[in-house]
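Novice: File model-v6.cif below, mmCIF, C-alpha atoms:
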data_query
#
loop_
_atom_site.label_atom_id
_atom_site.label_comp_id
_atom_site.auth_asym_id
_atom_site.auth_seq_id
_atom_site.Cartn_x
_atom_site.Cartn_y
_atom_site.Cartn_z
CA MET A 65 0.00 0.00 0.00
CA ASN A 66 1.44 3.39 -0.90
CA TYR A 67 0.92 6.71 0.79
CA GLN A 68 -1.24 8.09 -1.99
CA SER A 69 -3.63 5.16 -1.86
CA ILE A 70 -3.95 5.54 1.91
CA THR A 71 -4.91 9.17 1.40
CA THR A 72 -7.36 8.55 -1.42
CA ASN A 73 -9.22 5.53 -0.08
CA ALA A 74 -9.46 6.36 3.61
CA PRO A 75 -12.88 6.89 5.18
CA ALA A 76 -13.88 10.48 5.76
CA GLU A 77 -13.51 10.14 9.54
CA ASN A 78 -9.79 9.53 9.10
CA GLU A 79 -9.13 12.74 7.22
CA ALA A 80 -7.80 14.65 10.22
CA SER A 81 -5.24 11.96 11.03
CA LEU A 82 -4.24 11.61 7.39
CA ARG A 83 -3.83 15.34 7.03
CA TYR A 84 -1.61 15.33 10.11
CA LEU A 85 0.51 12.49 8.69
CA ARG A 86 0.90 14.40 5.42
CA GLU A 87 2.14 17.39 7.40
CA LEU A 88 4.62 15.26 9.31
CA ARG A 89 5.77 13.60 6.09
CA ASP A 90 6.43 16.96 4.46
CA GLU A 91 8.27 18.19 7.55
CA ALA A 92 10.50 15.10 7.54
CA LEU A 93 11.33 15.38 3.85
CA HIS A 94 12.42 19.00 4.34
CA HIS A 95 14.46 18.38 7.49
CA GLU A 96 18.13 19.34 7.65
CA ALA A 97 19.09 15.68 8.03
CA VAL A 98 17.79 14.95 4.53
CA HIS A 99 19.44 17.95 2.84
CA HIS A 100 22.53 18.22 4.96
CA PRO A 101 25.72 19.91 3.68
CA TYR A 102 27.56 16.72 4.57
CA LEU A 103 25.51 14.71 2.08
CA THR A 104 25.97 17.41 -0.55
CA ALA A 105 29.73 17.38 -0.01
CA LEU A 106 29.85 13.59 -0.30
CA SER A 107 27.81 13.56 -3.49
CA LYS A 108 29.75 16.40 -5.15
CA GLY A 109 33.20 15.49 -3.86
CA THR A 110 33.88 18.88 -2.31
CA PHE A 111 35.71 17.52 0.72
CA PRO A 112 39.51 17.99 0.62
CA ASN A 113 39.80 14.22 0.16
CA PRO A 114 36.55 12.92 -1.41
CA ARG A 115 37.48 9.24 -1.33
CA GLY A 116 38.81 9.58 2.19
CA ALA A 117 35.50 11.09 3.27
CA LEU A 118 33.64 8.15 1.75
CA ARG A 119 35.92 5.75 3.58
CA SER A 120 35.27 7.62 6.81
CA PHE A 121 31.52 7.27 6.21
CA ALA A 122 31.89 3.54 5.57
CA GLU A 123 34.00 3.07 8.68
CA THR A 124 31.76 5.09 10.98
CA TYR A 125 28.26 4.26 9.72
CA GLN A 126 28.71 0.54 10.32
CA GLY A 127 27.92 1.10 13.98
CA TYR A 128 24.44 2.31 13.05
CA SER A 129 23.82 -0.16 10.23
CA ALA A 130 24.75 -3.15 12.40
CA TRP A 131 22.11 -2.15 14.96
CA PHE A 132 19.25 -1.55 12.53
CA PRO A 133 17.80 -5.08 12.88
CA ARG A 134 17.80 -4.46 16.63
CA PHE A 135 15.94 -1.20 16.16
CA LEU A 136 13.34 -2.94 14.02
CA SER A 137 12.81 -5.76 16.54
CA THR A 138 12.53 -3.22 19.35
CA VAL A 139 9.74 -1.37 17.57
CA GLU A 140 7.97 -4.62 16.74
CA ALA A 141 8.00 -5.61 20.42
CA ARG A 142 6.36 -2.29 21.37
CA LEU A 143 3.40 -2.81 19.04
CA PRO A 144 0.06 -4.41 19.86
CA ARG A 145 0.14 -8.06 18.80
CA ASP A 146 -2.33 -7.53 15.97
CA LEU A 147 -0.02 -4.93 14.36
CA GLN A 148 3.30 -6.73 14.63
CA SER A 149 2.86 -8.55 11.31
CA VAL A 150 3.03 -5.21 9.46
CA LEU A 151 6.81 -5.27 9.92
CA ALA A 152 7.26 -8.84 8.69
CA GLU A 153 8.41 -7.84 5.21
CA ASN A 154 10.85 -5.28 6.58
CA LYS A 155 12.38 -7.87 8.89
CA ALA A 156 12.59 -10.47 6.13
CA GLU A 157 14.42 -8.10 3.82
CA GLU A 158 16.89 -7.18 6.55
CA VAL A 159 18.14 -10.77 6.41
CA GLY A 160 18.14 -10.86 2.61
CA SER A 161 14.78 -12.47 1.87
CA TYR A 162 12.96 -10.78 -1.03
CA ASP A 163 9.95 -11.64 -3.10
CA GLU A 164 10.45 -12.34 -6.78
CA GLU A 165 9.12 -8.95 -7.90
CA THR A 166 11.59 -7.11 -5.68
CA LEU A 167 14.47 -9.26 -6.91
CA ARG A 168 13.59 -8.46 -10.51
CA ASP A 169 13.44 -4.75 -9.70
CA LEU A 170 16.85 -4.94 -8.06
CA GLU A 171 18.27 -6.82 -11.03
CA ALA A 172 16.90 -4.12 -13.31
CA ALA A 173 18.84 -1.60 -11.19
CA GLY A 174 22.07 -3.46 -11.93
CA LEU A 175 22.35 -5.82 -8.95
CA GLN A 176 23.02 -9.46 -9.64
CA ARG A 177 20.73 -11.76 -7.68
CA GLU A 178 23.57 -13.68 -6.05
CA TRP A 179 24.97 -10.45 -4.60
CA ILE A 180 21.90 -9.79 -2.46
CA ASP A 181 19.62 -12.83 -2.21
CA LYS A 182 19.80 -14.33 1.31
CA VAL A 183 22.58 -11.89 2.27
CA PRO A 184 21.80 -9.95 5.49
CA HIS A 185 22.09 -6.20 5.20
CA PRO A 186 24.90 -5.85 7.75
CA GLU A 187 26.93 -8.22 5.56
CA LEU A 188 26.16 -6.08 2.50
CA PHE A 189 27.49 -3.09 4.40
CA ARG A 190 30.68 -4.98 5.28
CA ARG A 191 31.15 -5.71 1.59
CA PHE A 192 30.71 -2.01 0.87
CA GLN A 193 33.44 -1.29 3.41
CA GLN A 194 35.78 -3.85 1.90
CA ALA A 195 35.24 -2.39 -1.58
CA LEU A 196 36.54 0.91 -0.18
CA ASN A 197 39.47 -0.85 1.54
CA VAL A 198 37.95 -0.25 4.96
CA GLU A 199 38.53 -3.09 7.40
CA PRO A 200 35.20 -4.02 9.04
CA ASP A 201 35.34 -3.58 12.81
CA ALA A 202 32.36 -4.28 15.05
CA ARG A 203 33.85 -2.37 18.00
CA VAL A 204 32.19 0.98 18.62
CA ASP A 205 33.16 3.43 21.33
CA SER A 206 29.96 4.42 23.14
CA ALA A 207 31.30 7.99 23.33
CA SER A 208 31.87 8.23 19.58
CA PRO A 209 29.36 10.06 17.34
CA VAL A 210 27.78 6.85 16.05
CA GLY A 211 27.92 5.27 19.51
CA ARG A 212 25.98 8.15 21.05
CA TRP A 213 23.54 8.23 18.15
CA ARG A 214 22.58 4.57 18.26
CA GLU A 215 22.33 4.47 22.06
CA GLU A 216 20.06 7.53 22.13
CA LEU A 217 17.87 6.15 19.36
CA LEU A 218 17.58 2.74 21.01
CA LYS A 219 16.62 4.38 24.31
CA LEU A 220 13.85 6.30 22.56
CA LEU A 221 12.56 3.16 20.86
CA GLU A 222 12.58 1.22 24.13
CA THR A 223 11.19 3.77 26.56
CA ASP A 224 9.07 6.39 24.81
CA HIS A 225 5.46 5.93 23.72
CA PRO A 226 5.06 3.17 21.07
CA ALA A 227 3.86 5.85 18.64
CA ALA A 228 7.13 7.73 19.20
CA ALA A 229 9.02 4.54 18.31
CA VAL A 230 6.99 4.20 15.11
CA GLY A 231 7.51 7.88 14.32
CA ALA A 232 11.25 7.59 14.84
CA LEU A 233 11.77 4.50 12.72
CA GLY A 234 9.12 5.33 10.11
CA LEU A 235 8.69 9.04 9.43
CA GLY A 236 12.07 9.87 10.95
CA THR A 237 14.10 7.11 9.29
CA GLU A 238 12.69 4.80 6.63
CA LEU A 239 10.76 7.59 4.91
CA VAL A 240 13.87 9.66 4.30
CA VAL A 241 16.91 7.37 4.11
CA SER A 242 16.54 6.45 0.45
CA ARG A 243 17.23 10.09 -0.42
CA MET A 244 20.30 10.13 1.81
CA TYR A 245 21.66 6.90 0.40
CA ALA A 246 21.18 8.28 -3.10
CA SER A 247 23.53 11.15 -2.20
CA VAL A 248 26.14 8.77 -0.81
CA LEU A 249 25.79 6.53 -3.88
CA LYS A 250 26.40 9.48 -6.18
CA GLY A 251 29.63 10.23 -4.36
CA VAL A 252 30.67 6.58 -4.40
CA ASP A 253 30.11 6.33 -8.14
CA SER A 254 32.07 9.53 -8.79
CA PHE A 255 34.94 9.18 -6.34
CA GLY A 256 34.79 5.78 -4.64
CA GLN A 257 36.39 3.64 -7.34
CA ILE A 258 34.68 0.48 -6.11
CA ASN A 259 33.45 -2.66 -7.84
CA PRO A 260 29.76 -2.97 -8.81
CA GLU A 261 28.99 -5.56 -6.13
CA GLY A 262 30.34 -3.22 -3.45
CA ARG A 263 27.59 -0.73 -4.30
CA SER A 264 24.83 -3.24 -3.50
CA PHE A 265 23.99 -1.94 -0.03
CA LEU A 266 23.48 1.61 -1.27
CA VAL A 267 21.58 0.70 -4.44
CA LEU A 268 19.29 -1.64 -2.54
CA HIS A 269 18.48 0.88 0.17
CA ALA A 270 17.91 3.66 -2.32
CA LEU A 271 15.17 1.44 -3.79
CA VAL A 272 13.55 -0.70 -1.08
CA ASP A 273 13.42 1.66 1.89
CA ASP A 274 10.53 3.54 0.33
CA ALA A 275 8.52 0.31 0.53
CA HIS A 276 9.58 -0.09 4.16
CA ALA A 277 8.39 3.45 4.82
CA GLU A 278 4.94 2.54 3.49
CA SER A 279 4.59 -0.20 6.11
CA LEU A 280 5.54 2.19 8.87
CA LEU A 281 3.23 4.88 7.53
CA GLU A 282 0.44 2.32 7.72
CA LEU A 283 1.37 1.75 11.36
CA SER A 284 1.44 5.49 11.91
CA ARG A 285 -2.21 5.70 10.89
CA HIS A 286 -3.17 3.54 13.85
CA PHE A 287 -1.51 5.96 16.26
CA ALA A 288 -2.65 9.19 14.60
CA MET A 289 -6.29 8.89 15.65
CA ASN A 290 -5.88 10.86 18.88
CA GLY A 291 -3.87 13.74 20.26
CA GLU A 292 -1.56 11.63 22.39
CA GLY A 293 -0.59 9.41 19.49
CA ARG A 294 -0.07 12.33 17.12
CA ALA A 295 2.16 14.15 19.57
CA ALA A 296 4.22 11.00 20.13
CA LEU A 297 4.59 10.34 16.40
CA ALA A 298 5.89 13.87 15.88
CA ARG A 299 8.19 13.68 18.90
CA GLY A 300 9.78 10.44 17.76
CA MET A 301 10.15 11.60 14.17
CA ARG A 302 11.81 14.87 15.11
CA ALA A 303 14.12 13.23 17.62
CA ALA A 304 15.34 10.66 15.09
CA LEU A 305 15.92 13.31 12.44
CA ASP A 306 17.72 15.61 14.87
CA MET A 307 19.98 12.76 16.00
CA ARG A 308 20.92 11.98 12.42
CA ALA A 309 21.55 15.64 11.61
CA GLU A 310 23.87 15.89 14.62
CA PHE A 311 25.76 12.84 13.38
CA TRP A 312 26.10 14.45 9.94
CA ASN A 313 27.36 17.64 11.63
CA GLU A 314 30.20 15.73 13.24
CA LEU A 315 31.14 13.89 10.05
CA LEU A 316 31.04 17.17 8.12
CA GLU A 317 33.46 18.74 10.56
CA ARG A 318 35.74 15.72 10.38
CA GLY A 319 35.68 15.53 6.59
CA SER A 320 36.27 19.25 6.15
CA ALA A 321 39.31 19.23 8.44
CA SER A 322 41.01 16.14 7.04
CA LYS A 323 43.42 16.38 4.08
CA GLU A 324 45.18 13.10 4.68
CA ASP A 325 45.15 10.66 1.78
CA ALA A 326 43.05 7.75 3.02
CA ALA A 327 43.05 5.75 -0.22
#
Output the structure of this file as structure tokens.

Specialist:
Amino acid sequence: MNYQSITTNAPAENEASLRYLRELRDEALHHEAVHHPYLTALSKGTFPNPRGALRSFAETYQGYSAWFPRFLSTVEARLPRDLQSVLAENKAEEVGSYDEETLRDLEAAGLQREWIDKVPHPELFRRFQQALNVEPDARVDSASPVGRWREELLKLLETDHPAAAVGALGLGTELVVSRMYASVLKGVDSFGQINPEGRSFLVLHALVDDAHAESLLELSRHFAMNGEGRAALARGMRAALDMRAEFWNELLERGSASKEDAA
């Protein structure tokens, strides 16, 4: 189900909640995290060392990517039992299980089936790192930018209102990340000098995360029927976006200051 069909086919009594979700959606898509100077610099290669900046992204972002299945399971556990199945497709794809239509779409985008089928997403990210000559390392300092980011996000997902968890992972994450990954992919293709298989993580997420967002938007509808749920959706969304923007701020500062050849 896509967002437009939700809007068009919904009963009249849902119009207020749908209008509110449209407003939140527009706010998310215009947030600094989505149009950050860091992403622009990556895509255009304006850092002093463009390839080095990409390698820094690959090295640092692993800490977030490795925890995403945990984030998804945390949100699932916060949902009423009758809504938990909505995330089933998202969880299946995180471990590399796709339906035939999705596989054909990914093949049409240049990905060979054997690169992605039954390959968990954290493994795809490790392959992206290796293609950039970054040694995968699961150790993350909790005081580092990505360490703070993922701990703060997990705390929100675990302890705030369930609607805030849905807002954070849906409107504040899955809705917008395909646009961010597209910026990183543009930089990788221009300055990364990596093999086609190494791009798989970015290509895949630039395509399938919009479908994931649809599932979470459907969940958002269930929480947008009253004031408490709407406020929590907005709170979670804004918190997730602000956390990501702060992470981009730190990587922008690091990339702008570094002139060392990291190839």

Novice: Distance CA of Phe287 in chain A-CA of Ala227 in chain A, one decimal place?

Specialist: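 Separating CA of Phe287 in chain A from CA of Ala227 in chain A is a distance of 5.9 Å.
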
Novice: With all atoms listed in the file counted, which protein, DNA or RNA residues have an atom no more than 9 Å from (31.5, 4.6, 1.1) in the file frame? Please answer as JSON, numbers by chain.

Specialist: {"A": [115, 116, 117, 118, 119, 120, 121, 122, 123, 192, 193, 195, 196, 198, 248, 249, 251, 252, 256, 258, 263, 266]}

Novice: Which polymer residues have any atom within 9 Å of an atom of Glu261 in chain A, counting all atoms listed in the file, with same-chain residues fewer than 4 positions away left out, as a PyMOL selection string?

Specialist: chain A and resi 175-176+179+191-192+195+265

Novice: If we count only C-alpha atoms and set the cut-off at 12 Å, which residues sit around Met307 in chain A, ignoring sequence neighbours fewer than 3 positions away in its own chain? Please answer as number ranges by chain.

Specialist: A: 95-98, 128, 209-218, 220, 232, 236-237, 300-304, 310-314

Novice: Ser107 in chain A: which residues within 10 Å, counting all atoms listed in the file, same-chain residues fewer than 4 positions away excluded, as a PyMOL selection string?

Specialist: chain A and resi 101-103+111+114+118+244-255

Novice: Of the candidates A:Leu315, A:Thr166, A:Gly160, A:His185, which shows the shortest atom-to-atom distance to Ala105 in chain A, using only C-alpha atoms?

Specialist: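 For Ala105 in chain A, the nearest of the given residues is A:Leu315.
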
Novice: Given the file shown, determine the residues that the PyMOL selection byres ((chain A and resi 131-134) around 9) selects; report them as JSON, numbers by chain.

Specialist: {"A": [126, 127, 128, 129, 130, 135, 136, 137, 138, 139, 155, 158, 159, 185, 186, 214, 218]}

Novice: Smallest atom-to-atom distance to Gly262 in chain A: which of A:Leu106, A:Leu188, A:Ala80, A:Leu93, using all atoms listed in the file?

Specialist: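 For Gly262 in chain A, the nearest of the given residues is A:Leu188.
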
Novice: Hey, what's within 12 Å of His286 in chain A if we count all atoms listed in the file and toss same-chain stuff fewer than 4 positions away? As a list in words, please?

Specialist: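 Residues near the query, excluding close chain neighbours: Asn78, Ser81, Leu82, Leu85, Leu143, Pro144, Asp146, Leu147, Val150, Pro226, Ala227, Val230, Gly231, Ser279, Leu280, Leu281, Glu282, Asn290, Glu292, Gly293, Arg294 and Leu297 of chain A.
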
Novice: Tell me which residues the PyMOL selection byres ((chain A and resi 320) around 9) grabs here, as a VMD selection string.

Specialist: chain A and resid 110 to 113 117 315 to 319 321 to 323

Novice: Check the smallest atom-to-atom distance from each of A:Glu164, A:Gly234, A:Glu91, A:Glu171 to Arg285 in chain A using all atoms listed in the file, then report the winner.

Specialist: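 Going through A:Glu164, A:Gly234, A:Glu91, A:Glu171 one by one, the smallest distance to Arg285 in chain A is for A:Gly234.
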
Novice: Starting from the PyMOL selection byres ((chain A and resi 182) around 9), expand the selection into actual residues of this file and give them as a ChimeraX atom specification.

Specialist: /A:157,159-162,178-181,183-184

Novice: For Gly174 in chain A, which residue among A:Pro260, A:Asp306, A:Val241, A:Leu271 is the nearest when counting all atoms listed in the file?

Specialist: A:Pro260

Novice: Just give me the gap between CA of Gly109 in chain A and CA of Arg308 in chain A in Å, one decimal is fine.

Specialist: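 Going from CA of Gly109 in chain A over to CA of Arg308 in chain A covers 20.7 Å.
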
Novice: To one decimal in Å, tell me the separation between CA of Lys108 in chain A and CA of Glu199 in chain A.

Specialist: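 CA of Glu199 in chain A lies 24.8 Å from CA of Lys108 in chain A.
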
Novice: Using all atoms of range 213-228 of chain A that appear in the file, construct an axis-aligned enclosing box with 5 Å of padding on every side and provide its centre coordinates and edge lengths in Å, rounded to one decimal, as JSON.

Specialist:
{"center_x": 13.7, "center_y": 4.7, "center_z": 22.4, "size_x": 29.7, "size_y": 17.0, "size_z": 18.4}
